[in-house]
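Enquirer: First the structure, which I've put down as structure tokens, then a few questions once you've had a look.
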Amino acid sequence: MNTDFICISQNKITEASGHFMAGKQWLSYRGETTVCQDEQGVLLLFGYVHNQDFNATPAYWLNLLQHDNEQLLAAANMLDGAYNMLLLNKSTGHCSLITDRLGCHRLYYYQSADAIWFSTDLAYIATKAGPSHFDRYGLMETLHFRWLTGQHSLIENVKKLPHAAVVQLQAGKPPAVEQRFGLLPARKTQADKTPEAHADAVQQLLCTNIASSVKQTDRVAVLLSGGVDSSVLLAICCQLKLNVIAVTPVHDNHSNPELETAKQFARELGVEHRIVPVKDDMLEPLFCDTVQRLAGAPRSHSAISLLYIMRQLAGEFDKVLYGEGADTLFGSRAVKHFTRRYQKHLKLKRLMRVLPGSELIARLLPSGSRLKKLADFDVQQDAISSIKLTLQPATDTALADDLRLDSSAILQQFNTDSAVFTNFDSAVRYVKQVVFSSDVVNHFFEMSRLADLYDLQLVNPFVCWPVMHYASQLPDEYYSGGDFVKPVLRKIGEQFYTPELMYLPKFGFPVPHKHWLDTSLNKLSRQAVKFFNVPDVWAEDTEMIWTLTGLYLLAVRADMAPCRLTNGAD
């Protein structure tokens with residue numbers, strides 16, 4: 001799936017395997033691609049699209065690009081997969097690129113005076129940009145969030161294209177983003193339905209997507225964490241009579257609270273369940289390999305064990321099903337807590353409007369008090385807080401002193417159109433889009449990248465467009481109400497499993513990354529502390545050291561000089 005390179009240049013690139021003339025510029029490329037031509041133009045598909053009814057006719061997409069933005073965005077939203085689709089108009093020479101909705105097929109680029117180079121391989125593009133140095137803005141983002149939101153990469157002078165974008169390309173000029181898509185739809189009034197009716201509708205949409213994305217002849221592995229999302233996907237695969245197994249990793253020196261639940265899910269369906277042991281002595285080479293493949297510190301701690309799982313599935317399976325994204329769409333604790341804070345803030349503001357002197361009292365309250373926080377509640381600041389790294393207070397303070405980051409600049413890079421919060425619904429939608437555009441998209445990038453190493457295709461049924469559209473219309477009581485998150489998905493699960501199993505407490509998918517840093521990765525983490533010359537207080541913070549260790553390995557691979565994040569260690 002990797003794109004060796006794409007180049008839009010004033011000159012023909014000799015090392016390319018394919019060339020087209022685009023007006024007065026050359027479109028050159030090298031790497032695995034699907035090429036489709038007709039009288040109007042050329043379509044190059046790098047990566048893969050799952051949709052079995054995908055229209056690969058250049059004229060179809062070129063007509064949408066020229067005449068109908070609404071239909072273009074609707075067509076792009078419906079595509080599932082990990083791809084970049086490049087379109088060349090033969091009559092005008094215009095070159096357009098459509099990036100995938102979930103950011104699975106990330107493209108980095110470097111712009112010179114007469115060319116612009118693209119590749120999914122950051123290291124390749126870095127060679128075009130000259131000697132490698134850390135990009136200061138990208139480094140700041142990574143230390144605060146451990147992922148990159150906008151156009152920056154970790155390498156100076158190398159940028160990246162946003163996901164879910166329609167981009168115009170021209171030699172020697174920066175890419176021009178014309179449209180973004182993939183936004184969660186605004187809520188529309190709909191007739192009330194019972195939880196069972198909602199569950200039936202979502203189940204049918206999931207069945208349709210999986211049947212469209214997976215052939216009956218495909219060998220399928222479902223990553224079974226023991227939670228709601230993966231168990232529902234596994235059950236639907238069985239309902240569709242697919243050739244499916246369940247896969248769950250188990251780690252040394254770590255009691256996974258969901259392991260027994262995962263085993264019970266597989267037993268109740270009668271599905272083969274492979275338990276993949278991830279040993280401590282595997283961790284250092286696995287971590288190094290993960291950093292190399294992702295070109296950065298892994299955002300998800302579980303990426304290490306997931307790389308090993310992909311290696312075990314290689315050659316035996318075609319597709320891997322993954323339940324990421326369901327939390328944001330069907331019931332996230334983070335979004336649920338946001339809605340409660342926002343509702344309390346609105347009630348307090350209404351009360352303050354009728355109480356004389358309350359505004360003055362609010363200004364005089366201690367800054368750390370709960371009442372003060374509610375009075376000063378801000379949707380954007382709360383959203384940015386929900387997606388930051390969970391750092392220890394001392395580390396957070398030291399980081400703020402050394403590397404300042406403008407939260408508003410971060411938020412402007414997200415794929416969201418809810419800049420003005422006119423009501424409660426738009427504020428909640430904004431928070432969901434922020435989480436989706438950051439955490440969820442970066443999960444998909446990492447998972448797709450790791451799966452692609454072993455010729456495995458990742459299928460993400462919860463984030464197909466019809467399911468996303470339906471989920472965005474769910475009433476609050478079926479998202480954030482009640483004692484359990486994701487009540488609609490649990491209702492689906494009740495059809496396949498004993499209800500007691502579906503309503504057990506869920507703990508997510510924890511991995512023992514702190515244990516890894518203290519043992520298998522300890523040598524690397526100490527080298528990272530020395531390389532970055534960080535204060536001792538940073539070295540005591542698990543999340544900071546995890547990030548710095550990944551950045552250190554990237555720096556070694558790119559032959560970067562030691563980077564001093566502070567003037568001197570404490």
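Scheme for the structure tokens: letters A, B, ... for chains in order shown; per-chain residue numbers from 1; ligand numbers from 1 in order shown.
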Once DSSP has gone over the backbone, tell me which residues of range 287-472 of chain A are in strand (DSSP E), as an MDAnalysis selection string.
Expert: chainID A and resid 319:321 457:459
Enquirer: Keeping only N, CA, C and O atoms, write the selected residues to a file as a PDB file, in the first residue's frame.
Expert:
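What follows is the written file again21.pdb:
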```pdb
ATOM      1  N   LYS A 319      -8.055  -9.804   6.024  1.00  0.00           N
ATOM      2  CA  LYS A 319      -8.635  -8.601   6.624  1.00  0.00           C
ATOM      3  C   LYS A 319      -8.592  -8.710   8.151  1.00  0.00           C
ATOM      4  O   LYS A 319      -8.696  -9.804   8.731  1.00  0.00           O
ATOM      5  N   VAL A 320      -8.466  -7.541   8.777  1.00  0.00           N
ATOM      6  CA  VAL A 320      -8.517  -7.433  10.233  1.00  0.00           C
ATOM      7  C   VAL A 320      -9.613  -6.436  10.584  1.00  0.00           C
ATOM      8  O   VAL A 320      -9.601  -5.302  10.092  1.00  0.00           O
ATOM      9  N   LEU A 321     -10.572  -6.845  11.409  1.00  0.00           N
ATOM     10  CA  LEU A 321     -11.642  -5.960  11.846  1.00  0.00           C
ATOM     11  C   LEU A 321     -11.301  -5.375  13.209  1.00  0.00           C
ATOM     12  O   LEU A 321     -10.830  -6.087  14.108  1.00  0.00           O
ATOM     13  N   GLN A 457      -5.424  -5.904   5.330  1.00  0.00           N
ATOM     14  CA  GLN A 457      -6.263  -4.718   5.193  1.00  0.00           C
ATOM     15  C   GLN A 457      -7.106  -4.541   6.451  1.00  0.00           C
ATOM     16  O   GLN A 457      -7.711  -5.491   6.948  1.00  0.00           O
ATOM     17  N   LEU A 458      -7.141  -3.311   6.950  1.00  0.00           N
ATOM     18  CA  LEU A 458      -7.903  -2.986   8.145  1.00  0.00           C
ATOM     19  C   LEU A 458      -9.308  -2.555   7.750  1.00  0.00           C
ATOM     20  O   LEU A 458      -9.485  -1.717   6.870  1.00  0.00           O
ATOM     21  N   VAL A 459     -10.317  -3.129   8.399  1.00  0.00           N
ATOM     22  CA  VAL A 459     -11.718  -2.768   8.151  1.00  0.00           C
ATOM     23  C   VAL A 459     -12.261  -2.139   9.429  1.00  0.00           C
ATOM     24  O   VAL A 459     -12.135  -2.712  10.521  1.00  0.00           O
TER      25      VAL A 459
END
```
Enquirer: Give me the residues within 8 Å of Val278 in chain A as a ChimeraX atom specification, counting only C-alpha atoms and dropping any in the same chain fewer than 5 places off.
Expert: /A:249-252,283,305,308
Enquirer: Just N, CA and C atoms for this one: save the residues we selected as a short mmCIF file (atom, residue, chain, number, x, y, z; two decimals), in the first residue's frame.
Expert:
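The file below, result-v4.cif, is the result:
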```cif
data_model
loop_
_atom_site.label_atom_id
_atom_site.label_comp_id
_atom_site.auth_asym_id
_atom_site.auth_seq_id
_atom_site.Cartn_x
_atom_site.Cartn_y
_atom_site.Cartn_z
N PRO A 249 -4.32 -10.35 22.56
CA PRO A 249 -2.97 -10.47 23.13
C PRO A 249 -3.01 -10.61 24.64
N VAL A 250 -1.99 -11.23 25.19
CA VAL A 250 -1.82 -11.30 26.65
C VAL A 250 -0.37 -10.96 26.95
N HIS A 251 -0.14 -10.15 27.99
CA HIS A 251 1.19 -9.61 28.27
C HIS A 251 1.77 -10.21 29.55
N ASP A 252 3.08 -10.36 29.57
CA ASP A 252 3.78 -10.78 30.79
C ASP A 252 3.54 -9.77 31.91
N LEU A 283 9.93 -6.83 23.83
CA LEU A 283 9.46 -5.45 23.82
C LEU A 283 10.40 -4.47 23.15
N SER A 305 2.00 -4.28 20.93
CA SER A 305 1.48 -5.65 20.87
C SER A 305 0.68 -5.88 19.58
N TYR A 308 2.90 -6.99 16.84
CA TYR A 308 3.24 -8.41 16.97
C TYR A 308 2.07 -9.29 16.50
#
```
Enquirer: Run DSSP on the backbone and grab whatever in range 318-552 of chain A lands in helix (DSSP H, G or I); send it over as a ChimeraX atom specification.
Expert: /A:326-330,333-354,358-364,370-375,379-386,393-402,407-412,424-452,461-463,465-471,476-478,487-494,499-502,513-518,522-532,536-539,542-552
Enquirer: Give me a file of those residues, with C-alpha atoms, as a short mmCIF file (atom, residue, chain, number, x, y, z; two decimals), in the first residue's frame.
Expert:
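Final output, saved to again03.cif:
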```cif
data_model
loop_
_atom_site.label_atom_id
_atom_site.label_comp_id
_atom_site.auth_asym_id
_atom_site.auth_seq_id
_atom_site.Cartn_x
_atom_site.Cartn_y
_atom_site.Cartn_z
CA ALA A 326 -17.39 3.29 18.46
CA ASP A 327 -16.78 5.14 21.74
CA THR A 328 -16.95 8.58 20.13
CA LEU A 329 -20.03 7.68 18.10
CA PHE A 330 -22.09 5.61 20.55
CA ARG A 333 -17.15 8.63 28.92
CA ALA A 334 -15.10 11.70 27.98
CA VAL A 335 -17.97 13.18 25.96
CA LYS A 336 -20.46 12.15 28.65
CA HIS A 337 -18.45 14.01 31.30
CA PHE A 338 -18.19 17.02 28.99
CA THR A 339 -21.97 17.16 28.55
CA ARG A 340 -22.50 17.09 32.32
CA ARG A 341 -20.03 19.93 32.88
CA TYR A 342 -21.52 21.98 30.09
CA GLN A 343 -25.07 21.48 31.34
CA LYS A 344 -24.04 22.56 34.84
CA HIS A 345 -22.29 25.60 33.34
CA LEU A 346 -25.45 26.61 31.47
CA LYS A 347 -27.57 26.26 34.62
CA LEU A 348 -25.08 28.36 36.59
CA LYS A 349 -25.05 31.08 33.92
CA ARG A 350 -28.85 31.21 33.93
CA LEU A 351 -28.82 31.55 37.71
CA MET A 352 -26.16 34.27 37.61
CA ARG A 353 -28.27 36.34 35.21
CA VAL A 354 -31.02 36.73 37.82
CA SER A 358 -23.16 37.24 41.01
CA GLU A 359 -20.77 38.21 38.16
CA LEU A 360 -18.54 40.06 40.62
CA ILE A 361 -18.65 37.17 43.07
CA ALA A 362 -17.66 34.75 40.27
CA ARG A 363 -14.62 36.88 39.40
CA LEU A 364 -13.48 36.85 43.04
CA ARG A 370 -15.26 23.99 41.18
CA LEU A 371 -17.69 26.90 41.05
CA LYS A 372 -15.09 29.11 39.38
CA LYS A 373 -14.35 26.40 36.79
CA LEU A 374 -18.05 26.04 36.00
CA ALA A 375 -18.52 29.80 35.68
CA VAL A 379 -16.09 24.64 25.09
CA GLN A 380 -12.85 24.93 23.15
CA GLN A 381 -10.59 24.89 26.22
CA ASP A 382 -12.46 21.92 27.65
CA ALA A 383 -12.13 20.10 24.32
CA ILE A 384 -8.39 20.67 24.18
CA SER A 385 -8.02 19.49 27.78
CA SER A 386 -9.83 16.24 27.02
CA PRO A 393 1.32 18.39 37.38
CA ALA A 394 5.05 19.03 37.85
CA THR A 395 5.81 17.84 34.32
CA ASP A 396 2.96 19.83 32.86
CA THR A 397 4.30 22.96 34.55
CA ALA A 398 7.87 22.35 33.35
CA LEU A 399 6.64 21.66 29.82
CA ALA A 400 4.60 24.87 29.77
CA ASP A 401 7.66 26.83 30.92
CA ASP A 402 9.88 25.47 28.16
CA SER A 407 -4.37 25.85 22.02
CA SER A 408 -6.39 27.94 19.59
CA ALA A 409 -3.85 27.19 16.83
CA ILE A 410 -4.23 23.46 17.52
CA LEU A 411 -8.01 23.65 17.39
CA GLN A 412 -8.00 25.49 14.07
CA PHE A 424 -25.91 22.40 23.38
CA ASP A 425 -26.07 20.01 20.41
CA SER A 426 -23.47 21.94 18.39
CA ALA A 427 -21.09 22.08 21.37
CA VAL A 428 -21.31 18.30 21.92
CA ARG A 429 -20.86 17.71 18.20
CA TYR A 430 -17.77 19.89 18.24
CA VAL A 431 -16.20 17.88 21.06
CA LYS A 432 -16.93 14.62 19.26
CA GLN A 433 -15.32 15.97 16.09
CA VAL A 434 -12.24 17.13 17.99
CA VAL A 435 -11.81 13.68 19.55
CA PHE A 436 -12.50 11.99 16.23
CA SER A 437 -10.10 14.22 14.28
CA SER A 438 -7.28 13.58 16.75
CA ASP A 439 -7.41 10.38 18.79
CA VAL A 440 -9.54 8.25 16.48
CA VAL A 441 -7.81 9.27 13.24
CA ASN A 442 -4.37 8.65 14.71
CA HIS A 443 -5.45 5.20 15.92
CA PHE A 444 -6.47 4.35 12.37
CA PHE A 445 -3.23 5.67 10.92
CA GLU A 446 -1.17 3.53 13.30
CA MET A 447 -3.27 0.41 12.86
CA SER A 448 -3.38 0.67 9.06
CA ARG A 449 0.35 1.29 8.86
CA LEU A 450 1.14 -1.75 11.00
CA ALA A 451 -1.34 -3.99 9.19
CA ASP A 452 0.01 -2.93 5.81
CA PRO A 461 -17.13 -0.93 10.37
CA PHE A 462 -18.18 1.59 13.03
CA VAL A 463 -16.82 4.54 11.06
CA TRP A 465 -20.51 6.88 6.75
CA PRO A 466 -24.06 5.44 7.15
CA VAL A 467 -23.25 4.26 10.70
CA MET A 468 -21.65 7.62 11.58
CA HIS A 469 -24.67 9.47 10.22
CA TYR A 470 -27.09 7.33 12.22
CA ALA A 471 -25.07 7.57 15.42
CA ASP A 476 -28.94 11.91 24.42
CA GLU A 477 -30.45 9.19 26.60
CA TYR A 478 -29.06 6.57 24.20
CA PRO A 487 -26.36 1.31 25.36
CA VAL A 488 -27.36 0.77 21.70
CA LEU A 489 -24.35 -1.47 21.02
CA ARG A 490 -25.03 -3.41 24.20
CA LYS A 491 -28.57 -4.01 22.96
CA ILE A 492 -27.15 -5.51 19.77
CA GLY A 493 -24.88 -7.73 21.85
CA GLU A 494 -27.82 -9.05 23.88
CA PRO A 499 -27.09 -10.16 28.97
CA GLU A 500 -24.93 -10.53 32.10
CA LEU A 501 -21.85 -10.72 29.90
CA MET A 502 -22.76 -7.59 27.95
CA HIS A 513 3.54 0.33 29.32
CA LYS A 514 4.79 1.61 32.69
CA HIS A 515 6.16 -1.86 33.46
CA TRP A 516 7.81 -1.89 30.01
CA LEU A 517 9.52 1.45 30.64
CA ASP A 518 10.79 0.22 34.02
CA ASN A 522 14.55 1.10 30.60
CA LYS A 523 17.87 1.36 28.75
CA LEU A 524 16.26 3.17 25.81
CA SER A 525 14.33 5.52 28.08
CA ARG A 526 17.51 6.52 29.96
CA GLN A 527 19.23 7.21 26.64
CA ALA A 528 16.25 9.38 25.63
CA VAL A 529 16.45 11.42 28.85
CA LYS A 530 20.13 12.07 28.19
CA PHE A 531 19.58 12.84 24.49
CA PHE A 532 16.92 15.48 25.22
CA ASP A 536 14.57 14.98 36.42
CA VAL A 537 10.89 15.68 37.03
CA TRP A 538 10.13 14.80 33.39
CA ALA A 539 11.94 11.50 33.76
CA THR A 542 5.42 7.75 32.42
CA GLU A 543 3.62 9.43 29.52
CA MET A 544 6.43 11.92 28.91
CA ILE A 545 9.13 9.23 28.94
CA TRP A 546 7.08 6.99 26.63
CA THR A 547 6.92 9.85 24.13
CA LEU A 548 10.56 10.90 24.49
CA THR A 549 11.75 7.32 24.03
CA GLY A 550 9.93 7.09 20.71
CA LEU A 551 11.25 10.48 19.62
CA TYR A 552 14.78 9.44 20.55
#
```
Enquirer: List as a PyMOL selection string the protein and nucleic acid residues near range 68-81 of chain A, meaning an atom at most 6 Å away when only C-alpha atoms are counted, but skip any in the same chain fewer than 2 places from it.
Expert: chain A and resi 48-50+64+181-182+465
Enquirer: Atoms to include: N, CA, C and O atoms. Write the selected residues as a PDB file, in the first residue's frame.
Expert:
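Generated file (part-v4.pdb):
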```pdb
ATOM      1  N   TYR A  48      -6.027   1.167  -1.000  1.00  0.00           N
ATOM      2  CA  TYR A  48      -7.186   0.328  -1.335  1.00  0.00           C
ATOM      3  C   TYR A  48      -8.473   0.966  -0.833  1.00  0.00           C
ATOM      4  O   TYR A  48      -8.507   1.711   0.146  1.00  0.00           O
ATOM      5  N   VAL A  49      -9.545   0.691  -1.570  1.00  0.00           N
ATOM      6  CA  VAL A  49     -10.905   1.070  -1.185  1.00  0.00           C
ATOM      7  C   VAL A  49     -11.690  -0.213  -1.013  1.00  0.00           C
ATOM      8  O   VAL A  49     -11.658  -1.095  -1.875  1.00  0.00           O
ATOM      9  N   HIS A  50     -12.394  -0.337   0.121  1.00  0.00           N
ATOM     10  CA  HIS A  50     -13.131  -1.578   0.390  1.00  0.00           C
ATOM     11  C   HIS A  50     -14.398  -1.696  -0.440  1.00  0.00           C
ATOM     12  O   HIS A  50     -14.829  -2.802  -0.781  1.00  0.00           O
ATOM     13  N   LEU A  64     -17.450  15.506 -10.833  1.00  0.00           N
ATOM     14  CA  LEU A  64     -17.814  15.939  -9.483  1.00  0.00           C
ATOM     15  C   LEU A  64     -16.910  17.081  -9.027  1.00  0.00           C
ATOM     16  O   LEU A  64     -17.367  18.048  -8.403  1.00  0.00           O
ATOM     17  N   PHE A 181     -14.029  17.027   4.281  1.00  0.00           N
ATOM     18  CA  PHE A 181     -15.257  16.246   4.409  1.00  0.00           C
ATOM     19  C   PHE A 181     -15.125  15.322   5.603  1.00  0.00           C
ATOM     20  O   PHE A 181     -14.200  15.444   6.399  1.00  0.00           O
ATOM     21  N   GLY A 182     -16.071  14.395   5.772  1.00  0.00           N
ATOM     22  CA  GLY A 182     -16.014  13.478   6.902  1.00  0.00           C
ATOM     23  C   GLY A 182     -16.505  14.058   8.208  1.00  0.00           C
ATOM     24  O   GLY A 182     -16.297  13.473   9.274  1.00  0.00           O
ATOM     25  N   TRP A 465     -19.712   5.656   6.712  1.00  0.00           N
ATOM     26  CA  TRP A 465     -20.510   6.881   6.754  1.00  0.00           C
ATOM     27  C   TRP A 465     -21.967   6.654   7.179  1.00  0.00           C
ATOM     28  O   TRP A 465     -22.504   7.419   7.997  1.00  0.00           O
TER      29      TRP A 465
END
```
Enquirer: Show me a table, sorted first by chain and then by increasing residue number, of the residues of range 239-327 of chain A having an atom at most 12 Å from range 94-113 of chain A, each with its shortest atom pair and the distance in Å to one decimal, counting only C-alpha atoms and written as a Markdown table.
Expert:
```
| residue | atom | partner | partner_atom | distance |
| --- | --- | --- | --- | --- |
| A:Leu294 | CA | A:Arg106 | CA | 10.3 |
| A:Ala295 | CA | A:Tyr108 | CA | 11.0 |
| A:Glu324 | CA | A:Leu102 | CA | 11.1 |
| A:Gly325 | CA | A:Leu102 | CA | 10.3 |
```
Enquirer: Separation of CA of Leu45 in chain A and CA of Gln168 in chain A, in Å?
Expert: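 Straight-line distance from CA of Leu45 in chain A to CA of Gln168 in chain A works out to 16.0 Å.
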Enquirer: Which polymer residues have any atom within 8 Å of an atom of range 507-509 of chain A, counting only C-alpha atoms, with same-chain residues fewer than 5 positions away left out, as a list in words?
Expert: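 The filter keeps Ser225, Gly227, Asn256, Pro257, Glu258 and Ser302 of chain A.
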Enquirer: Next, dump the selected residues to file, keeping only all heavy atoms, as an mmCIF file, in the first residue's frame.
Expert:
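That gives us again_24.cif:
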```
data_model
loop_
_atom_site.group_PDB
_atom_site.id
_atom_site.type_symbol
_atom_site.label_atom_id
_atom_site.label_comp_id
_atom_site.auth_asym_id
_atom_site.auth_seq_id
_atom_site.Cartn_x
_atom_site.Cartn_y
_atom_site.Cartn_z
ATOM 1 N N SER A 225 -11.029 -7.445 22.265
ATOM 2 C CA SER A 225 -10.464 -6.919 23.505
ATOM 3 C C SER A 225 -11.187 -7.445 24.736
ATOM 4 O O SER A 225 -10.646 -7.439 25.834
ATOM 5 C CB SER A 225 -10.547 -5.393 23.496
ATOM 6 O OG SER A 225 -11.900 -4.975 23.549
ATOM 7 N N GLY A 227 -14.263 -6.070 25.197
ATOM 8 C CA GLY A 227 -15.202 -4.969 25.367
ATOM 9 C C GLY A 227 -16.420 -5.115 24.480
ATOM 10 O O GLY A 227 -16.601 -6.103 23.776
ATOM 11 N N ASN A 256 -4.770 -8.817 32.551
ATOM 12 C CA ASN A 256 -5.748 -8.108 31.725
ATOM 13 C C ASN A 256 -7.149 -8.381 32.265
ATOM 14 O O ASN A 256 -7.624 -9.518 32.230
ATOM 15 C CB ASN A 256 -5.648 -8.592 30.274
ATOM 16 C CG ASN A 256 -6.571 -7.824 29.345
ATOM 17 O OD1 ASN A 256 -7.464 -7.118 29.780
ATOM 18 N ND2 ASN A 256 -6.352 -7.981 28.049
ATOM 19 N N PRO A 257 -7.841 -7.346 32.769
ATOM 20 C CA PRO A 257 -9.157 -7.578 33.373
ATOM 21 C C PRO A 257 -10.211 -8.029 32.379
ATOM 22 O O PRO A 257 -11.264 -8.518 32.770
ATOM 23 C CB PRO A 257 -9.511 -6.197 33.954
ATOM 24 C CG PRO A 257 -8.705 -5.220 33.163
ATOM 25 C CD PRO A 257 -7.444 -5.929 32.807
ATOM 26 N N GLU A 258 -9.944 -7.869 31.083
ATOM 27 C CA GLU A 258 -10.926 -8.237 30.067
ATOM 28 C C GLU A 258 -10.656 -9.598 29.429
ATOM 29 O O GLU A 258 -11.452 -10.053 28.619
ATOM 30 C CB GLU A 258 -10.920 -7.177 28.942
ATOM 31 C CG GLU A 258 -11.209 -5.764 29.399
ATOM 32 C CD GLU A 258 -12.698 -5.494 29.566
ATOM 33 O OE1 GLU A 258 -13.310 -6.169 30.413
ATOM 34 O OE2 GLU A 258 -13.211 -4.635 28.866
ATOM 35 N N SER A 302 -0.865 0.281 22.971
ATOM 36 C CA SER A 302 -1.135 -1.067 22.461
ATOM 37 C C SER A 302 -0.576 -1.298 21.065
ATOM 38 O O SER A 302 -0.594 -2.430 20.575
ATOM 39 C CB SER A 302 -2.645 -1.334 22.461
ATOM 40 O OG SER A 302 -3.322 -0.417 21.627
#
```
Enquirer: So how far away is CA of Val222 in chain A from CA of Asp280 in chain A, in Å?
Expert: 24.1 Å
